Amino acid sequence: MKFIRPVIVFIGIIILWQLIVSLTGVAPFILPSPVDVLTITVERIDILMGHAKITIIEILLGLIFGTIFGAISALIMSYYRPARSWLLPVLVVTQAIPVFALAPILVLWLGYGLLPKVVMATLIIYFPVTAAFYDGLRRTETGWLDLAQTMRASKYNILRQIRLPAAMPAFASGLRVAAAVAPIGAVVGEWVGSSAGLGYYMLLMNGQVQTDAMFAALFILALVATTIYFTIDSLLRRLISWQNESDPSHAT
Amino acid sequence: MYEKNLIKNKKTYSDINLKPRIGLKITGANLAYKNNIVFQNLSADIVAAKWTCILGPSGVGKSTLLRMIAGLEEINNSETVTTSDGDNPTQYISWMSQQDLLLPWLSVSENISLGNRLRKEKIDYAYIKSLLVDVGLDQRSDSLPRTLSGGEKQRVALARTLMEGKPVVLMDEPFSAVDAITRSRLQELASKLLQGRTVLQVTHDPLEALRLGHNIHILKGRPAHLGNVIHPPGKTPRDPTKPELRNLHLEILNQLSYASEAASKGMT
């Protein structure tokens, strides 16, 4: 039932799109009609899927590495005070320099293969994961820590059994942002230099003025990105099902 | 029945938990935050195996006193706070606060055995079960805390305190976050289940102190010191509305209002 509304919105946009194309008579190489896009998607589904596979691998590897590095950085920053003053600037810099600016350099150094795209996706999600997890680790309810101390728990067990689980909701927020932005890193990497992937295919089709095929690739990319996001979101929800959620729009 | 459980489980707990009567001794304790002196040369004796209540105006340092005994304040208290035998008290105490402090991701029975989990000890499930029966939650062993009412959560916290099996229990306004009826039931339950242990309870409610305390002290002044001990007559839990307690109640109220006036004027 909860999918009905998004589907209605989606169909509404398609109808609007078709209307604009029919009413304005815009050239197909500027804005192809939904029917054109659907036709070419079906026609070239094998090619599209081949490119999608590459992009998915880049996104997932970026997510894995970004999450691992982010989690480790957050842990080091929480437990080793000098690391804070060293790592925080690095963290901010990774965010302050747009990946778009780094992309050409990374391609220059790392070549046209998977690696620069994975690095780019990793860089783009490193910040949200680290910042959210670090925040979560620092905001453990002090009463729990007092209680654990009177129970004579070791520092390690307090981390494992109290701080880490307590930080999970914050970590999950970071991971959701990461899942939403990781495709940007991968696609930007493909634009700058590659021989495969949905971003590469879009650029290629753009050069050949095959706008309908470009839209088809865009459509697949959106599908991939939302699928990844919602898969991760539902996994996280299961992981922290103990958390109370409150709906701000709901009057209490 | 609860006592029987304790005896039955004696074998599984380490020796320090079994020292039956541990009192607390505070000698010449000093504590200050920046320029704010909370305690200066504070001394007190907390009688073993009795329930001691500490009353006092808010901000006087009741909770700080408790935290200092529990070793939660960042001071070197190894000489000022000891057991009556001169031991380090932190190994003999368990802690119960105003919030239930249940971990929301652990079930009721996992929360009860939190201490064992944090110390990586073997968990005595039979004992958990008997504690659940004692606090009347034997049907809720696998529930998550968010499904419990405020009173039920505090009963789980009580069971968690008992699970620690320590001879000294420090309680910081443990019943103040629940409604009056629930509070009175909790007081009765705690009074019954903590019998025979040394209890030091901080409270702002004189009636609660009269209901539960064998000894009542009023903490007052700045730096704070403990007033003379008040011994309400009769077995606990008492009915604090009984006529013989009325005078004591008035006396406590008098002392408290005097103490809080003095505090607001900044005198000692």
# chains A, B, ... in the order shown; residues from 1 in each chain; ligands from 1
$ residues_around --residues "stretch 173-178 of chain B" --least-positions-apart "3" --cutoff "6 Å" --atoms "only C-alpha atoms" --output "NGL selection string"
:B and (97-98 or 183 or 202-203)
$ interface_residues --of "chain A" --to "chain B" --cutoff "12 Å" --atoms "only C-alpha atoms" --output "number ranges by chain"
A: 140-169, 238-245
$ atom_distance --atom1 "atom CA of A:Ile72" --atom2 "atom CA of A:Gly111"
27.4 Å
$ select_by_dssp --residues "stretch 14-165 of chain B" --states "alpha helix (DSSP H)" --output "MDAnalysis selection string"
chainID B and resid 62:70 108:112 114:118 125:134 150:163
$ closest_atom_pairs --of "stretch 166-234 of chain B" --to "stretch 36-45 of chain B" --cutoff "9 Å" --atoms "only C-alpha atoms" --output "CSV"
residue,atom,partner,partner_atom,distance
B:Arg222,CA,B:Val38,CA,6.3
B:Pro223,CA,B:Phe39,CA,4.8
B:Ala224,CA,B:Phe39,CA,5.4
B:His225,CA,B:Leu42,CA,6.0
B:Leu226,CA,B:Ala44,CA,7.2
$ residues_around --residues "A:Val99" --least-positions-apart "2" --cutoff "8 Å" --atoms "only C-alpha atoms" --output "ChimeraX atom specification"
/A:97,101-103,120,123-124,185,188
$ atom_distance --atom1 "atom CA of A:Ile13" --atom2 "atom CA of A:Trp191"
27.0 Å
$ closest_residue --among "A:Val35, A:Phe29, A:Val107, A:Gln95" --to "A:Gly193" --atoms "only C-alpha atoms"
A:Val107
$ closest_residue --among "A:Val7, A:Val37, A:Val129, A:Ala180" --to "A:Phe219" --atoms "only C-alpha atoms"
A:Val37
$ residues_around --residues "A:Phe215" --least-positions-apart "2" --cutoff "9 Å" --atoms "only C-alpha atoms" --output "mmCIF file with C-alpha atoms, in the first residue's frame"
data_model
loop_
_atom_site.group_PDB
_atom_site.id
_atom_site.type_symbol
_atom_site.label_atom_id
_atom_site.label_comp_id
_atom_site.auth_asym_id
_atom_site.auth_seq_id
_atom_site.Cartn_x
_atom_site.Cartn_y
_atom_site.Cartn_z
ATOM 1 C CA LEU A 31 13.574 16.354 -25.011
ATOM 2 C CA PRO A 32 12.569 12.887 -26.161
ATOM 3 C CA VAL A 37 12.858 6.600 -23.884
ATOM 4 C CA THR A 41 15.491 1.276 -22.898
ATOM 5 C CA MET A 202 25.333 9.041 -20.837
ATOM 6 C CA GLN A 210 21.100 10.259 -28.888
ATOM 7 C CA THR A 211 19.216 12.066 -26.167
ATOM 8 C CA ASP A 212 16.666 9.266 -25.775
ATOM 9 C CA ALA A 213 19.426 6.768 -24.923
ATOM 10 C CA ALA A 217 20.713 5.619 -18.856
ATOM 11 C CA LEU A 218 19.573 8.352 -16.479
ATOM 12 C CA PHE A 219 16.421 6.398 -15.751
ATOM 13 C CA ILE A 220 18.408 3.248 -14.930
#
$ atom_distance --atom1 "atom CA of B:Met163" --atom2 "atom CA of B:Ser191"
15.9 Å
$ residues_around --residues "A:Met77" --least-positions-apart "2" --cutoff "10 Å" --atoms "only C-alpha atoms" --output "PyMOL selection string"
chain A and resi 71-75+79-88+130+134+137-138
$ write_last_selection --atoms "C-alpha atoms" --output "mmCIF file, in the first residue's frame"
data_model
loop_
_atom_site.group_PDB
_atom_site.id
_atom_site.type_symbol
_atom_site.label_atom_id
_atom_site.label_comp_id
_atom_site.auth_asym_id
_atom_site.auth_seq_id
_atom_site.Cartn_x
_atom_site.Cartn_y
_atom_site.Cartn_z
ATOM 1 C CA ALA A 71 33.865 4.264 11.238
ATOM 2 C CA ILE A 72 37.553 3.761 12.023
ATOM 3 C CA SER A 73 38.214 7.524 11.918
ATOM 4 C CA ALA A 74 35.288 8.214 14.222
ATOM 5 C CA LEU A 75 36.496 5.584 16.698
ATOM 6 C CA TYR A 79 39.250 7.507 21.893
ATOM 7 C CA TYR A 80 42.513 9.220 21.035
ATOM 8 C CA ARG A 81 42.342 12.909 21.760
ATOM 9 C CA PRO A 82 45.377 14.105 19.713
ATOM 10 C CA ALA A 83 43.813 12.443 16.658
ATOM 11 C CA ARG A 84 40.932 14.889 16.859
ATOM 12 C CA SER A 85 43.093 17.903 16.060
ATOM 13 C CA TRP A 86 44.811 15.972 13.261
ATOM 14 C CA LEU A 87 41.829 14.301 11.680
ATOM 15 C CA LEU A 88 39.175 17.008 11.929
ATOM 16 C CA THR A 130 32.534 9.942 10.109
ATOM 17 C CA TYR A 134 31.644 10.487 15.848
ATOM 18 C CA LEU A 137 29.818 8.014 20.012
ATOM 19 C CA ARG A 138 30.170 11.239 21.971
#
$ closest_residue --among "B:Ser143, B:Gln201, B:Thr80, B:Asn111" --to "B:Ala159" --atoms "only C-alpha atoms"
B:Asn111
$ closest_residue --among "A:Leu115, A:Ile45, A:Ile57, A:Ala178" --to "A:Ala131" --atoms "only C-alpha atoms"
A:Ala178
$ residues_around --residues "B:Arg246" --least-positions-apart "6" --cutoff "10 Å" --atoms "only C-alpha atoms" --output "list of chain:residue names"
B:Leu207, B:Leu210, B:Pro240, B:Ile252
$ closest_residue --among "B:Lys34, B:His204, B:Lys62, B:Ser109" --to "B:Lys129" --atoms "only C-alpha atoms"
B:Ser109
